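This is work.txt (compact mmCIF, C-alpha atoms).
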# COMPACT_ATOMS: atom_id res chain seq x y z
CA MET A 1 13.43 -21.38 -8.05
CA GLY A 2 15.36 -18.27 -8.98
CA LYS A 3 14.34 -14.69 -9.63
CA LEU A 4 11.05 -14.10 -11.40
CA ASP A 5 11.38 -12.77 -14.97
CA THR A 6 8.71 -10.10 -14.59
CA ASP A 7 8.86 -8.97 -18.23
CA PHE A 8 8.04 -12.46 -19.52
CA PHE A 9 5.55 -13.07 -16.72
CA GLU A 10 3.47 -10.13 -17.96
CA ASN A 11 2.41 -12.35 -20.88
CA ILE A 12 1.31 -15.10 -18.51
CA ILE A 13 -0.75 -12.66 -16.46
CA ILE A 14 -2.61 -11.17 -19.43
CA TYR A 15 -3.30 -14.64 -20.86
CA ASN A 16 -4.85 -15.81 -17.59
CA LEU A 17 -6.79 -12.58 -17.18
CA LEU A 18 -8.44 -13.31 -20.53
CA THR A 19 -9.07 -17.01 -19.95
CA ASP A 20 -9.56 -17.56 -16.19
CA GLU A 21 -12.38 -15.68 -14.44
CA LEU A 22 -11.36 -16.92 -10.97
CA TYR A 23 -7.81 -15.66 -11.51
CA LEU A 24 -9.09 -12.27 -12.69
CA GLY A 25 -11.47 -11.90 -9.75
CA THR A 26 -8.71 -12.88 -7.29
CA ILE A 27 -6.11 -10.34 -8.36
CA VAL A 28 -8.12 -7.49 -9.89
CA ASP A 29 -8.14 -5.37 -6.71
CA ALA A 30 -4.36 -5.54 -6.34
CA LEU A 31 -3.45 -5.18 -10.02
CA GLU A 32 -2.78 -1.86 -11.75
CA PRO A 33 -2.04 -1.28 -15.46
CA LYS A 34 1.04 0.80 -14.58
CA TYR A 35 2.73 -2.35 -13.25
CA PHE A 36 3.31 -3.56 -16.85
CA THR A 37 6.37 -2.39 -18.74
CA ASN A 38 4.86 -3.69 -22.01
CA LYS A 39 2.60 -0.77 -22.94
CA ASN A 40 0.44 -2.95 -25.20
CA ILE A 41 -0.32 -5.33 -22.34
CA SER A 42 -0.86 -2.38 -19.99
CA LYS A 43 -3.59 -0.98 -22.26
CA ILE A 44 -5.44 -4.30 -22.48
CA VAL A 45 -5.15 -4.86 -18.73
CA ALA A 46 -6.70 -1.43 -18.19
CA LEU A 47 -9.68 -2.38 -20.39
CA ILE A 48 -10.18 -5.76 -18.68
CA THR A 49 -9.94 -4.48 -15.10
CA GLU A 50 -12.13 -1.45 -15.80
CA PHE A 51 -14.83 -3.68 -17.30
CA TYR A 52 -14.65 -6.20 -14.45
CA LEU A 53 -14.80 -3.60 -11.69
CA SER A 54 -17.82 -1.88 -13.28
CA ARG A 55 -19.71 -5.04 -14.33
CA ASN A 56 -18.44 -7.55 -11.75
CA SER A 57 -17.75 -10.02 -14.56
CA PRO A 58 -15.00 -10.45 -17.14
CA PRO A 59 -15.55 -9.14 -20.67
CA THR A 60 -16.20 -11.63 -23.45
CA VAL A 61 -14.04 -11.43 -26.55
CA THR A 62 -16.89 -9.61 -28.32
CA GLU A 63 -17.28 -7.14 -25.45
CA LEU A 64 -13.55 -6.56 -25.34
CA LYS A 65 -13.35 -5.97 -29.08
CA ALA A 66 -16.16 -3.44 -28.76
CA LYS A 67 -13.89 -1.44 -26.44
CA LEU A 68 -11.10 -1.37 -29.03
CA ASP A 69 -12.29 1.89 -30.51
CA THR A 70 -9.11 2.83 -32.35
CA ASN A 71 -6.96 1.06 -34.93
CA GLU A 72 -4.05 1.39 -32.54
CA LEU A 73 -5.90 -0.51 -29.81
CA LYS A 74 -7.01 -3.19 -32.27
CA GLU A 75 -3.43 -3.74 -33.42
CA THR A 76 -2.33 -3.75 -29.78
CA PHE A 77 -4.83 -6.50 -28.95
CA LYS A 78 -3.73 -8.58 -31.94
CA GLY A 79 -0.13 -8.27 -30.84
CA VAL A 80 -0.94 -9.37 -27.30
CA VAL A 81 -2.93 -12.39 -28.50
CA LYS A 82 -0.13 -13.34 -30.89
CA SER A 83 2.32 -13.41 -27.96
CA PHE A 84 0.32 -16.28 -26.44
CA GLU A 85 1.88 -18.62 -29.04
CA ASP A 86 5.07 -18.66 -26.96
CA ILE A 87 3.31 -19.58 -23.73
CA ASP A 88 2.81 -23.05 -22.30
CA LYS A 89 -0.90 -23.09 -21.49
CA LYS A 90 -0.62 -25.62 -18.63
CA TYR A 91 0.17 -24.20 -15.19
CA ASN A 92 0.58 -25.34 -11.65
CA LYS A 93 -2.09 -23.09 -10.11
CA GLU A 94 -0.29 -22.72 -6.80
CA GLU A 95 2.87 -21.63 -8.60
CA LEU A 96 0.86 -19.24 -10.77
CA TYR A 97 -0.69 -17.47 -7.80
CA GLU A 98 2.58 -17.32 -5.86
CA ASN A 99 4.41 -15.82 -8.84
CA THR A 100 1.58 -13.36 -9.46
CA GLU A 101 1.73 -12.23 -5.83
CA GLU A 102 5.49 -11.77 -6.12
CA PHE A 103 5.07 -9.81 -9.38
CA ILE A 104 2.47 -7.46 -7.87
CA LYS A 105 4.50 -6.91 -4.69
CA GLN A 106 7.65 -6.05 -6.63
CA LYS A 107 5.79 -3.62 -8.88
CA ALA A 108 3.84 -2.06 -6.00
CA VAL A 109 7.00 -1.41 -3.99
CA TYR A 110 8.81 -0.03 -7.04
CA HIS A 111 6.02 2.41 -7.89
CA THR A 112 5.64 3.41 -4.25
CA MET A 113 9.34 4.30 -4.24
CA LEU A 114 8.93 6.41 -7.38
CA GLU A 115 5.86 8.22 -6.04
CA THR A 116 7.53 8.80 -2.67
CA ALA A 117 10.62 10.25 -4.33
CA ASP A 118 8.46 12.63 -6.38
CA LYS A 119 6.54 13.80 -3.31
CA CYS A 120 9.71 14.29 -1.28
CA GLN A 121 11.27 16.27 -4.12
CA ALA A 122 8.17 18.47 -4.19
CA GLY A 123 8.43 18.98 -0.43
CA HIS A 124 5.36 16.89 0.45
CA VAL A 125 6.72 14.58 3.14
CA ASP A 126 4.18 12.70 5.26
CA THR A 127 6.10 9.90 6.96
CA GLY A 128 2.92 8.24 8.24
CA GLN A 129 1.42 8.11 4.77
CA ILE A 130 4.68 6.89 3.25
CA LEU A 131 4.89 4.06 5.78
CA GLU A 132 1.24 3.23 5.12
CA HIS A 133 1.86 2.90 1.38
CA PHE A 134 4.96 0.74 1.79
CA THR A 135 3.21 -1.49 4.33
CA LYS A 136 0.29 -1.94 1.96
CA ALA A 137 2.65 -2.82 -0.91
CA CYS A 138 4.64 -5.32 1.15
CA THR A 139 1.64 -7.10 2.65
CA ILE A 140 -0.31 -7.81 -0.53
CA ASN A 141 -1.75 -11.29 -0.26
CA ILE A 142 -3.37 -13.31 -3.00
CA SER A 143 -5.04 -16.57 -2.08
CA GLY A 144 -5.58 -18.90 -4.99
CA GLY A 145 -7.27 -21.62 -2.95
CA ILE A 146 -11.01 -22.30 -3.06
CA GLY A 147 -11.27 -22.36 0.73
CA LEU A 148 -12.62 -25.16 2.91
CA ASN A 149 -14.68 -27.70 0.97
CA TYR A 150 -16.98 -28.50 3.87
CA PHE A 151 -18.30 -31.92 2.86
CA SER A 152 -15.04 -33.19 1.37
CA ASP A 153 -12.99 -31.81 4.25
CA ILE A 154 -15.33 -32.84 7.07
CA ASP A 155 -12.49 -34.76 8.75
CA VAL A 156 -10.57 -31.51 9.05
CA CYS A 157 -13.59 -29.94 10.75
CA ILE A 158 -13.93 -32.87 13.15
CA GLU A 159 -10.26 -32.70 14.12
CA ASP A 160 -10.67 -29.00 14.79
CA LEU A 161 -13.63 -29.75 17.09
CA LYS A 162 -11.41 -32.06 19.13
CA LYS A 163 -8.84 -29.34 19.74
CA GLU A 164 -9.04 -27.57 23.07
CA GLU A 165 -9.00 -23.81 22.50
CA ALA A 166 -6.44 -21.95 24.59
CA TYR A 167 -7.59 -18.94 26.57
CA ILE A 168 -6.01 -16.30 28.79
CA SER A 169 -8.07 -15.66 31.90
CA SER A 170 -9.20 -12.12 32.69
CA ARG A 171 -9.17 -13.11 36.39
CA TRP A 172 -12.83 -12.12 36.51
CA GLU A 173 -14.97 -15.24 36.57
CA TRP A 174 -18.04 -13.57 35.06
CA LEU A 175 -16.14 -12.23 32.06
CA ASP A 176 -14.27 -15.51 31.50
CA ARG A 177 -17.58 -17.35 31.47
CA LYS A 178 -19.04 -14.90 28.97
CA LEU A 179 -15.97 -15.24 26.74
CA ASN A 180 -16.15 -19.03 26.90
CA GLY A 181 -12.89 -19.20 28.84
CA GLY A 182 -11.19 -15.83 28.52
CA PHE A 183 -9.27 -13.94 25.84
CA LEU A 184 -8.33 -16.09 22.86
CA GLU A 185 -4.65 -16.93 23.25
CA THR A 186 -4.10 -17.23 19.50
CA GLY A 187 -5.47 -13.76 18.88
CA LYS A 188 -7.34 -12.99 15.66
CA SER A 189 -9.64 -10.90 17.82
CA LEU A 190 -10.21 -7.35 18.98
CA TYR A 191 -11.76 -6.73 22.41
CA LEU A 192 -13.30 -3.33 23.08
CA ILE A 193 -14.29 -1.58 26.31
CA ALA A 194 -16.79 1.25 25.78
CA GLY A 195 -17.52 3.86 28.42
CA ALA A 196 -18.05 7.51 29.16
CA THR A 197 -15.26 9.92 30.02
CA ASN A 198 -13.74 9.31 33.47
CA VAL A 199 -15.78 6.18 34.16
CA GLY A 200 -12.63 4.06 34.34
CA LYS A 201 -11.67 2.74 30.90
CA SER A 202 -7.94 3.10 31.54
CA ILE A 203 -8.38 1.50 34.96
CA PHE A 204 -10.02 -1.48 33.28
CA LEU A 205 -7.24 -1.73 30.70
CA GLY A 206 -4.58 -1.49 33.41
CA ASN A 207 -6.25 -4.22 35.46
CA ILE A 208 -6.53 -6.48 32.43
CA ALA A 209 -2.82 -5.92 31.77
CA THR A 210 -1.75 -6.83 35.32
CA ASN A 211 -4.22 -9.73 35.55
CA VAL A 212 -2.88 -11.27 32.35
CA ALA A 213 0.78 -10.59 33.20
CA SER A 214 0.29 -12.33 36.56
CA GLN A 215 -0.21 -15.57 34.62
CA GLY A 216 3.37 -15.53 33.35
CA LYS A 217 2.43 -13.64 30.19
CA THR A 218 4.03 -10.78 28.31
CA VAL A 219 1.70 -7.80 28.01
CA VAL A 220 2.52 -4.74 25.92
CA VAL A 221 0.67 -1.60 27.01
CA VAL A 222 0.60 1.12 24.34
CA SER A 223 -0.52 4.45 25.79
CA LEU A 224 -1.69 7.24 23.53
CA GLU A 225 -2.69 9.69 26.26
CA MET A 226 -0.71 8.93 29.44
CA SER A 227 3.04 8.94 29.91
CA GLU A 228 4.93 5.70 30.49
CA LEU A 229 5.75 6.67 34.08
CA MET A 230 2.15 7.63 34.84
CA TYR A 231 1.02 4.24 33.56
CA ALA A 232 3.78 2.63 35.61
CA LYS A 233 2.39 4.30 38.76
CA ARG A 234 -1.05 2.88 38.02
CA LEU A 235 0.36 -0.60 37.52
CA SER A 236 2.56 -0.26 40.60
CA THR A 237 -0.33 0.60 42.91
CA SER A 238 -2.36 -2.33 41.55
CA ILE A 239 0.49 -4.84 41.94
CA THR A 240 1.77 -3.68 45.33
CA GLN A 241 -1.60 -2.62 46.78
CA ILE A 242 0.09 0.52 48.10
CA PRO A 243 -2.28 3.48 47.62
CA ILE A 244 -1.33 5.52 44.59
CA ASN A 245 -1.24 8.76 46.61
CA THR A 246 1.42 7.32 48.95
CA LEU A 247 3.68 5.62 46.40
CA HIS A 248 6.09 8.55 46.47
CA THR A 249 6.46 8.34 50.25
CA SER A 250 7.50 4.68 50.29
CA PRO A 251 9.69 4.03 47.21
CA ASP A 252 11.78 1.37 48.99
CA ASP A 253 8.65 -0.55 49.97
CA VAL A 254 7.34 -0.31 46.41
CA LYS A 255 10.60 -1.64 44.98
CA GLN A 256 10.75 -4.49 47.50
CA LYS A 257 7.21 -5.60 46.67
CA ILE A 258 7.81 -5.40 42.92
CA VAL A 259 11.05 -7.42 43.24
CA SER A 260 9.21 -9.95 45.39
CA TYR A 261 6.39 -10.10 42.84
CA LYS A 262 8.85 -10.74 40.02
CA THR A 263 10.43 -13.55 42.04
CA THR A 264 7.09 -15.33 42.35
CA HIS A 265 6.14 -14.48 38.75
CA PRO A 266 9.43 -14.95 36.88
CA ASP A 267 7.88 -15.15 33.41
CA SER A 268 5.65 -12.08 33.78
CA ARG A 269 6.54 -9.06 31.66
CA LEU A 270 4.88 -5.67 31.32
CA ILE A 271 6.14 -3.38 28.55
CA ILE A 272 4.79 0.18 28.56
CA LYS A 273 5.24 2.33 25.47
CA GLU A 274 4.00 5.90 25.14
CA PHE A 275 3.18 7.61 21.84
CA PRO A 276 1.65 11.08 21.39
CA PRO A 277 -2.08 11.07 20.58
CA ASN A 278 -2.94 11.05 16.86
CA ALA A 279 0.74 10.73 16.00
CA ILE A 280 1.07 7.05 15.07
CA THR A 281 -0.80 4.82 12.66
CA ALA A 282 -1.52 1.11 12.86
CA SER A 283 1.53 0.67 10.61
CA HIS A 284 3.71 2.49 13.15
CA LEU A 285 2.30 0.22 15.86
CA ASN A 286 3.10 -2.78 13.68
CA GLY A 287 6.69 -1.56 13.28
CA TYR A 288 7.09 -1.09 17.03
CA LEU A 289 5.73 -4.57 17.81
CA GLN A 290 7.95 -6.09 15.11
CA LYS A 291 10.93 -4.42 16.79
CA LEU A 292 9.96 -5.97 20.14
CA THR A 293 9.55 -9.38 18.53
CA HIS A 294 12.99 -9.16 16.92
CA GLN A 295 14.39 -8.44 20.38
CA GLY A 296 12.82 -11.64 21.71
CA ILE A 297 9.80 -9.97 23.31
CA LYS A 298 6.78 -11.81 21.91
CA PRO A 299 3.55 -10.23 23.22
CA ASP A 300 0.84 -12.49 24.61
CA MET A 301 -1.52 -9.52 24.67
CA VAL A 302 -1.46 -5.93 23.44
CA VAL A 303 -3.41 -3.33 25.41
CA LEU A 304 -4.04 -0.14 23.42
CA ASP A 305 -5.19 2.91 25.36
CA TYR A 306 -7.08 3.87 23.29
CA ILE A 307 -7.99 3.16 19.64
CA ASN A 308 -9.64 6.49 18.76
CA LEU A 309 -6.31 8.24 19.35
CA LEU A 310 -4.60 6.32 16.54
CA HIS A 311 -3.90 8.39 13.45
CA CYS A 312 -5.35 7.02 10.23
CA PRO A 313 -4.55 8.73 6.90
CA MET A 314 -7.30 6.75 5.18
CA GLY A 315 -10.88 8.00 5.07
CA ASN A 316 -12.62 11.32 4.58
CA ASN A 317 -14.34 11.56 7.98
CA SER A 318 -14.16 10.20 11.52
CA TYR A 319 -16.41 7.24 10.67
CA GLU A 320 -14.10 6.04 7.91
CA ARG A 321 -10.87 6.81 9.76
CA VAL A 322 -11.84 4.99 12.96
CA LYS A 323 -13.26 2.08 10.96
CA HIS A 324 -10.02 1.70 8.99
CA ALA A 325 -7.94 1.99 12.17
CA ALA A 326 -10.03 -0.71 13.86
CA GLU A 327 -9.67 -3.05 10.88
CA GLN A 328 -5.91 -2.51 10.80
CA VAL A 329 -5.52 -3.11 14.55
CA ARG A 330 -7.61 -6.27 14.33
CA ALA A 331 -5.39 -7.42 11.46
CA LEU A 332 -2.38 -6.99 13.77
CA SER A 333 -3.93 -9.56 16.11
CA TYR A 334 -3.48 -12.02 13.22
CA THR A 335 0.07 -10.86 12.53
CA PHE A 336 1.24 -11.24 16.13
CA GLY A 337 -1.03 -14.12 17.11
CA CYS A 338 -2.34 -12.51 20.29
CA PRO A 339 -5.49 -10.68 21.44
CA PHE A 340 -5.67 -6.89 21.27
CA VAL A 341 -7.68 -5.09 23.95
CA THR A 342 -8.60 -1.42 23.63
CA ALA A 343 -11.20 1.15 24.64
CA THR A 344 -13.45 3.79 23.12
CA GLN A 345 -15.79 6.57 24.20
CA ILE A 346 -19.56 6.40 24.13
CA ASN A 347 -21.52 9.32 22.70
CA ARG A 348 -23.93 11.64 24.51
CA GLY A 349 -26.85 9.38 23.76
CA GLY A 350 -25.38 6.65 25.93
CA LEU A 351 -24.25 8.76 28.90
CA ASN A 352 -27.29 8.10 31.07
CA GLU A 353 -27.97 4.56 29.88
CA GLN A 354 -27.44 1.34 31.76
CA ASN A 355 -25.33 -1.02 29.64
CA PRO A 356 -25.01 1.32 26.60
CA GLY A 357 -25.39 -0.52 23.27
CA VAL A 358 -23.37 -0.46 20.04
CA GLU A 359 -25.35 2.56 18.84
CA SER A 360 -23.68 4.54 21.63
CA ILE A 361 -20.14 4.00 20.29
CA SER A 362 -18.74 7.44 19.49
CA GLU A 363 -17.26 8.58 16.16
CA SER A 364 -17.77 5.37 14.19
CA ILE A 365 -20.23 2.49 14.24
CA GLY A 366 -17.61 0.85 12.02
CA LEU A 367 -15.54 0.27 15.15
CA ALA A 368 -18.43 -1.61 16.73
CA ALA A 369 -18.86 -3.68 13.57
CA THR A 370 -15.16 -4.62 13.52
CA ALA A 371 -14.65 -5.54 17.19
CA ASP A 372 -15.22 -9.17 18.12
CA VAL A 373 -16.27 -8.40 21.70
CA ILE A 374 -17.64 -5.16 23.15
CA MET A 375 -17.98 -4.67 26.89
CA SER A 376 -19.69 -1.55 28.20
CA ILE A 377 -18.83 0.01 31.56
CA TRP A 378 -20.85 2.59 33.45
CA GLN A 379 -21.89 3.73 36.91
CA ASP A 380 -25.36 4.26 38.29
CA GLU A 381 -26.18 7.01 40.74
CA GLY A 382 -24.39 6.34 44.02
CA ASP A 383 -21.96 3.78 42.55
CA VAL A 384 -18.96 6.05 43.04
CA ASP A 385 -19.64 6.22 46.77
CA LEU A 386 -20.22 2.48 46.90
CA GLY A 387 -17.02 1.75 44.96
CA VAL A 388 -18.82 -0.05 42.15
CA ILE A 389 -18.35 -0.11 38.37
CA ARG A 390 -20.87 -1.95 36.21
CA MET A 391 -19.93 -4.06 33.22
CA GLY A 392 -22.23 -5.35 30.50
CA MET A 393 -21.80 -7.57 27.47
CA VAL A 394 -22.86 -5.71 24.33
CA LYS A 395 -21.41 -7.80 21.51
CA ASN A 396 -19.77 -11.21 21.71
CA ARG A 397 -18.76 -13.48 18.85
CA TYR A 398 -17.56 -16.14 21.28
CA GLY A 399 -20.47 -16.56 23.67
CA GLN A 400 -23.48 -14.89 25.26
CA ASN A 401 -23.99 -11.28 24.23
CA TYR A 402 -26.20 -10.27 27.14
CA GLY A 403 -25.96 -9.87 30.91
CA THR A 404 -24.34 -7.47 33.33
CA THR A 405 -22.24 -7.68 36.46
CA ALA A 406 -20.73 -5.33 39.02
CA LEU A 407 -17.09 -5.06 40.01
CA ALA A 408 -15.74 -3.55 43.19
CA ILE A 409 -13.17 -0.81 42.67
CA ASP A 410 -10.63 0.26 45.25
CA TYR A 411 -9.93 3.82 44.15
CA ALA A 412 -6.88 3.97 46.39
CA THR A 413 -5.10 1.22 44.47
CA LEU A 414 -7.16 1.34 41.22
CA THR A 415 -7.89 -2.38 41.66
CA LEU A 416 -10.98 -4.09 40.25
CA THR A 417 -12.31 -7.30 41.79
CA GLN A 418 -15.44 -9.32 41.28
CA ALA A 419 -16.69 -9.41 44.85
CA ASP A 420 -19.31 -11.99 45.86
CA ALA A 421 -20.99 -9.37 48.02
CA ILE A 422 -21.94 -7.34 44.93
CA ILE A 423 -25.14 -8.43 43.27
CA ASN A 424 -24.61 -10.04 39.89
CA THR A 425 -27.55 -9.23 37.63
CA GLU A 426 -26.88 -12.11 35.26
CA GLU A 427 -29.27 -14.42 37.12
CA ALA A 428 -32.09 -11.95 36.52
CA ASP A 429 -31.06 -11.67 32.88
CA ASP A 430 -31.14 -15.46 32.50
CA VAL A 431 -34.63 -15.61 34.00
CA ASP A 432 -35.86 -12.91 31.62
CA LEU A 433 -34.27 -14.71 28.68
CA ALA A 434 -35.91 -17.98 29.62
CA PHE A 435 -39.31 -16.30 29.50
CA GLY A 436 -38.58 -14.61 26.19
CA MET A 437 -38.31 -11.10 27.63
CA ILE A 438 -34.79 -10.55 26.23
CA ASP A 439 -33.78 -11.17 22.64
CA GLU A 440 -30.48 -13.08 22.82
CA ASP A 441 -29.40 -11.62 19.48
CA ASN A 442 -29.51 -8.04 20.83
Structure re-expressed in structure tokens:
Amino acid sequence: MGKLDTDFFENIIIYNLLTDELYLGTIVDALEPKYFTNKNISKIVALITEFYLSRNSPPTVTELKAKLDTNELKETFKGVVKSFEDIDKKYNKEELYENTEEFIKQKAVYHTMLETADKCQAGHVDTGQILEHFTKACTINISGGIGLNYFSDIDVCIEDLKKEEAYISSRWEWLDRKLNGGFLETGKSLYLIAGATNVGKSIFLGNIATNVASQGKTVVVVSLEMSELMYAKRLSTSITQIPINTLHTSPDDVKQKIVSYKTTHPDSRLIIKEFPPNAITASHLNGYLQKLTHQGIKPDMVVLDYINLLHCPMGNNSYERVKHAAEQVRALSYTFGCPFVTATQINRGGLNEQNPGVESISESIGLAATADVIMSIWQDEGDVDLGVIRMGMVKNRYGQNYGTTALAIDYATLTLTQADAIINTEEADDVDLAFGMIDEDN
């Protein structure tokens, strides 16, 4: 439809801000007075948005006039209203919202460029923050729709019920059952493993990566604390079942088994990427995954080891920073249409607990609030000698949020299996639940 005339469109925006409360409420968070080249309109926009954000409702004409405390502002308002005479008052709402989104994006990018240039000239160069600002400007989204009208659109709901949801198996029957089938193939979900230091979080993540890849999937492992080659050793010992301490003594055997594995799993791909801890943001991660996608490598799962080591320039403390990082990573699961699996530490309060709860998540309870599924891992006294790691379901938006199980770990090959010989405590949990001894919502 051609390039948007942003100067003329400023008149359309201010008219709708004054006459359409839904429009104002939809765009107010993304709109800034500095985006308007017409200074008169900019001043009125400032008054409207300030009033709305403080009162959570648009100003009436009387309330707006009360804010015009100078003759200059009064004349400005008259001039803006007079400009409405040249505007066609009938709009296609979809077109209006799309053009408004385009207007805001253009202005946001332009002002980000100006601010970045000023900071660079002053010697204040923070590449992570610059990327964050540009990403925010380019991903502004304004939805003008009313959403799903449940009663009118009931047929849409029924058709959705008929669809069979696609899942990626974890290769652990207990976990698949708890997740109602496995990890959601379409993404839009963040899975979190919580455990104490050295209990085996990275081992879990590595096993999930190899288990998923073995199904002909592409798994991207992003390591923020181990080198790519160290992670490769861990994956190699799990795939070949050659003890990790003897990999270096039998390189030919390792290569032969990996080549043989690839022959029987031709579609399987494991990409390992190392970044320094606290050096990349979610925006950097987005850029890296976009690069892979452009090269024809579409991830079926992203394993992030681990989320607390992401850098986040937003927030004034660890709670806010980790919360923002979690929200941004979860948003990436929408962007790339695949599940993201990561890990976090538990705090001191949860060190000696069986199945530590969400209150034990270290640094930020905001991470626990953002994750769709939280699985805790821990070991009881004697479990190390027995070769056992416990897993519990702490939070689950897709199924039961209670129960525990035990997995056998072969420390020689860092392999986790759900062995029938190990007692599964879920049966006991189910009995307790049936008699009302466990609150299913906890």
Within-12 Å shell of (-1.5, -10.8, 11.8) in input frame, only C-alpha atoms, as a PDB file with C-alpha atoms, in the coordinates of the input:
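And here is the file that came out, out.pdb:
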ATOM      1  CA  THR A 139       1.640  -7.100   2.650  1.00  0.00           C
ATOM      2  CA  THR A 186      -4.100 -17.230  19.500  1.00  0.00           C
ATOM      3  CA  GLY A 187      -5.470 -13.760  18.880  1.00  0.00           C
ATOM      4  CA  LYS A 188      -7.340 -12.990  15.660  1.00  0.00           C
ATOM      5  CA  SER A 189      -9.640 -10.900  17.820  1.00  0.00           C
ATOM      6  CA  LEU A 190     -10.210  -7.350  18.980  1.00  0.00           C
ATOM      7  CA  ALA A 282      -1.520   1.110  12.860  1.00  0.00           C
ATOM      8  CA  SER A 283       1.530   0.670  10.610  1.00  0.00           C
ATOM      9  CA  ASN A 286       3.100  -2.780  13.680  1.00  0.00           C
ATOM     10  CA  LEU A 289       5.730  -4.570  17.810  1.00  0.00           C
ATOM     11  CA  GLN A 290       7.950  -6.090  15.110  1.00  0.00           C
ATOM     12  CA  GLU A 327      -9.670  -3.050  10.880  1.00  0.00           C
ATOM     13  CA  GLN A 328      -5.910  -2.510  10.800  1.00  0.00           C
ATOM     14  CA  VAL A 329      -5.520  -3.110  14.550  1.00  0.00           C
ATOM     15  CA  ARG A 330      -7.610  -6.270  14.330  1.00  0.00           C
ATOM     16  CA  ALA A 331      -5.390  -7.420  11.460  1.00  0.00           C
ATOM     17  CA  LEU A 332      -2.380  -6.990  13.770  1.00  0.00           C
ATOM     18  CA  SER A 333      -3.930  -9.560  16.110  1.00  0.00           C
ATOM     19  CA  TYR A 334      -3.480 -12.020  13.220  1.00  0.00           C
ATOM     20  CA  THR A 335       0.070 -10.860  12.530  1.00  0.00           C
ATOM     21  CA  PHE A 336       1.240 -11.240  16.130  1.00  0.00           C
ATOM     22  CA  GLY A 337      -1.030 -14.120  17.110  1.00  0.00           C
ATOM     23  CA  CYS A 338      -2.340 -12.510  20.290  1.00  0.00           C
ATOM     24  CA  PRO A 339      -5.490 -10.680  21.440  1.00  0.00           C
ATOM     25  CA  PHE A 340      -5.670  -6.890  21.270  1.00  0.00           C
TER      26      PHE A 340
END
Polymer residues at most 7 Å from Thr218 in chain A, only C-alpha atoms, same-chain spacing of 5 or more positions, as a ChimeraX atom specification: /A:213,268-270,299-301
I want to know what sits within 10 Å of Ile142 in chain A, based on all atoms listed in the file, with residues of the same chain fewer than 5 positions away left out; could you give that as a list in words?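 So, after excluding close chain neighbours, the residues are Tyr23, Thr26, Ile27, Asp29, Ala30, Tyr97, Glu98, Thr100, Glu101, Glu102 and Ile104 of chain A.
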Which of these residues is nearest to Tyr231 in chain A, using all atoms listed in the file: A:Arg177, A:Ser376, A:Val303, A:Tyr191?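 Counting all atoms listed in the file, the residue closest to Tyr231 in chain A is A:Val303.
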Taking all atoms listed in the file into account, name the residue in A:His111, A:His133, A:Tyr15, A:Ile44 that is nearest to Asp88 in chain A. A:Tyr15
Mind giving me the straight-line distance from CA of Thr70 in chain A to CA of Val28 in chain A in Å, one decimal?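 According to the coordinates, CA of Thr70 in chain A and CA of Val28 in chain A are separated by 24.7 Å.
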How would you write as a ChimeraX atom specification the residues that get within 10 Å of (1.8, 0.6, 23.4) in the file's frame, counting all atoms listed in the file? /A:219-224,228,271-275,285,288-289,302-306
Give the answer as one residue: which of A:Asn38, A:Asn211, A:Thr293, A:Asn308 has the shortest atom-to-atom distance to Thr281 in chain A, using only C-alpha atoms? A:Asn308
Could you work out how far CA of Gly392 in chain A lies from CA of Gln215 in chain A, giving the answer in Å with one decimal? 24.6 Å
Atom pair CA of Thr76 in chain A + CA of Leu24 in chain A, distance 20.3 Å
Best match for closeness to Thr49 in chain A among A:Ile346, A:Asp410, A:Gly25, A:Thr112, counting all atoms listed in the file: A:Gly25
For Ile377 in chain A, list every protein, DNA or RNA residue within 7 Å, evaluated using only C-alpha atoms, and leave out those in the same chain fewer than 4 positions away; present the list as a list in words.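 Once the adjacent positions are removed, what remains is Ala194, Gly195, Asn355, Ile389, Arg390, Met391 and Gly392 of chain A.
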Residues of range 193-299 of chain A that have any atom at most 9 Å from an atom of range 161-176 of chain A: could you tabulate them with the shortest-distance atom pair and the distance in Å to one decimal, using all atoms listed in the file, ordered by chain and increasing number, as CSV?
residue,atom,partner,partner_atom,distance
A:Asn207,CA,A:Ser170,CA,8.9
A:Ile208,CA,A:Ser170,CA,6.2
A:Ala209,CA,A:Ser170,CA,8.9
A:Asn211,CA,A:Arg171,CA,6.1
A:Val212,CA,A:Ser170,CA,6.4
A:Gln215,CA,A:Ile168,CA,8.3
A:Lys217,CA,A:Ile168,CA,9.0
Selection above as a file: C-alpha atoms, as a PDB file, in the coordinates of the input:
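Okay, this is what ended up in selection.pdb:
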ATOM      1  CA  ASN A 207      -6.250  -4.220  35.460  1.00  0.00           C
ATOM      2  CA  ILE A 208      -6.530  -6.480  32.430  1.00  0.00           C
ATOM      3  CA  ALA A 209      -2.820  -5.920  31.770  1.00  0.00           C
ATOM      4  CA  ASN A 211      -4.220  -9.730  35.550  1.00  0.00           C
ATOM      5  CA  VAL A 212      -2.880 -11.270  32.350  1.00  0.00           C
ATOM      6  CA  GLN A 215      -0.210 -15.570  34.620  1.00  0.00           C
ATOM      7  CA  LYS A 217       2.430 -13.640  30.190  1.00  0.00           C
TER       8      LYS A 217
END
Skip Phe103 in chain A itself and residues of its chain fewer than 2 positions away, then list as a ChimeraX atom specification all residues within 9 Å of it, counting all atoms listed in the file. /A:4-6,9-10,35,98-101,105-108
Which residue of A:Ile140, A:Glu94, A:Leu247, A:Leu192 approaches Leu235 in chain A most closely, using all atoms listed in the file: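 Looking only at the distances to Leu235 in chain A, the closest residue turns out to be A:Leu247.
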Saved range 289-293 of chain A from the preceding structure, C-alpha atoms, as a CSV table (one decimal), in the first residue's frame:
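Written out: selection.csv:
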chain,number,residue,atom,x,y,z
A,289,LEU,CA,19.4,-18.6,17.0
A,290,GLN,CA,18.2,-16.4,14.1
A,291,LYS,CA,21.6,-16.9,12.5
A,292,LEU,CA,21.2,-20.7,12.8
A,293,THR,CA,17.7,-20.5,11.4
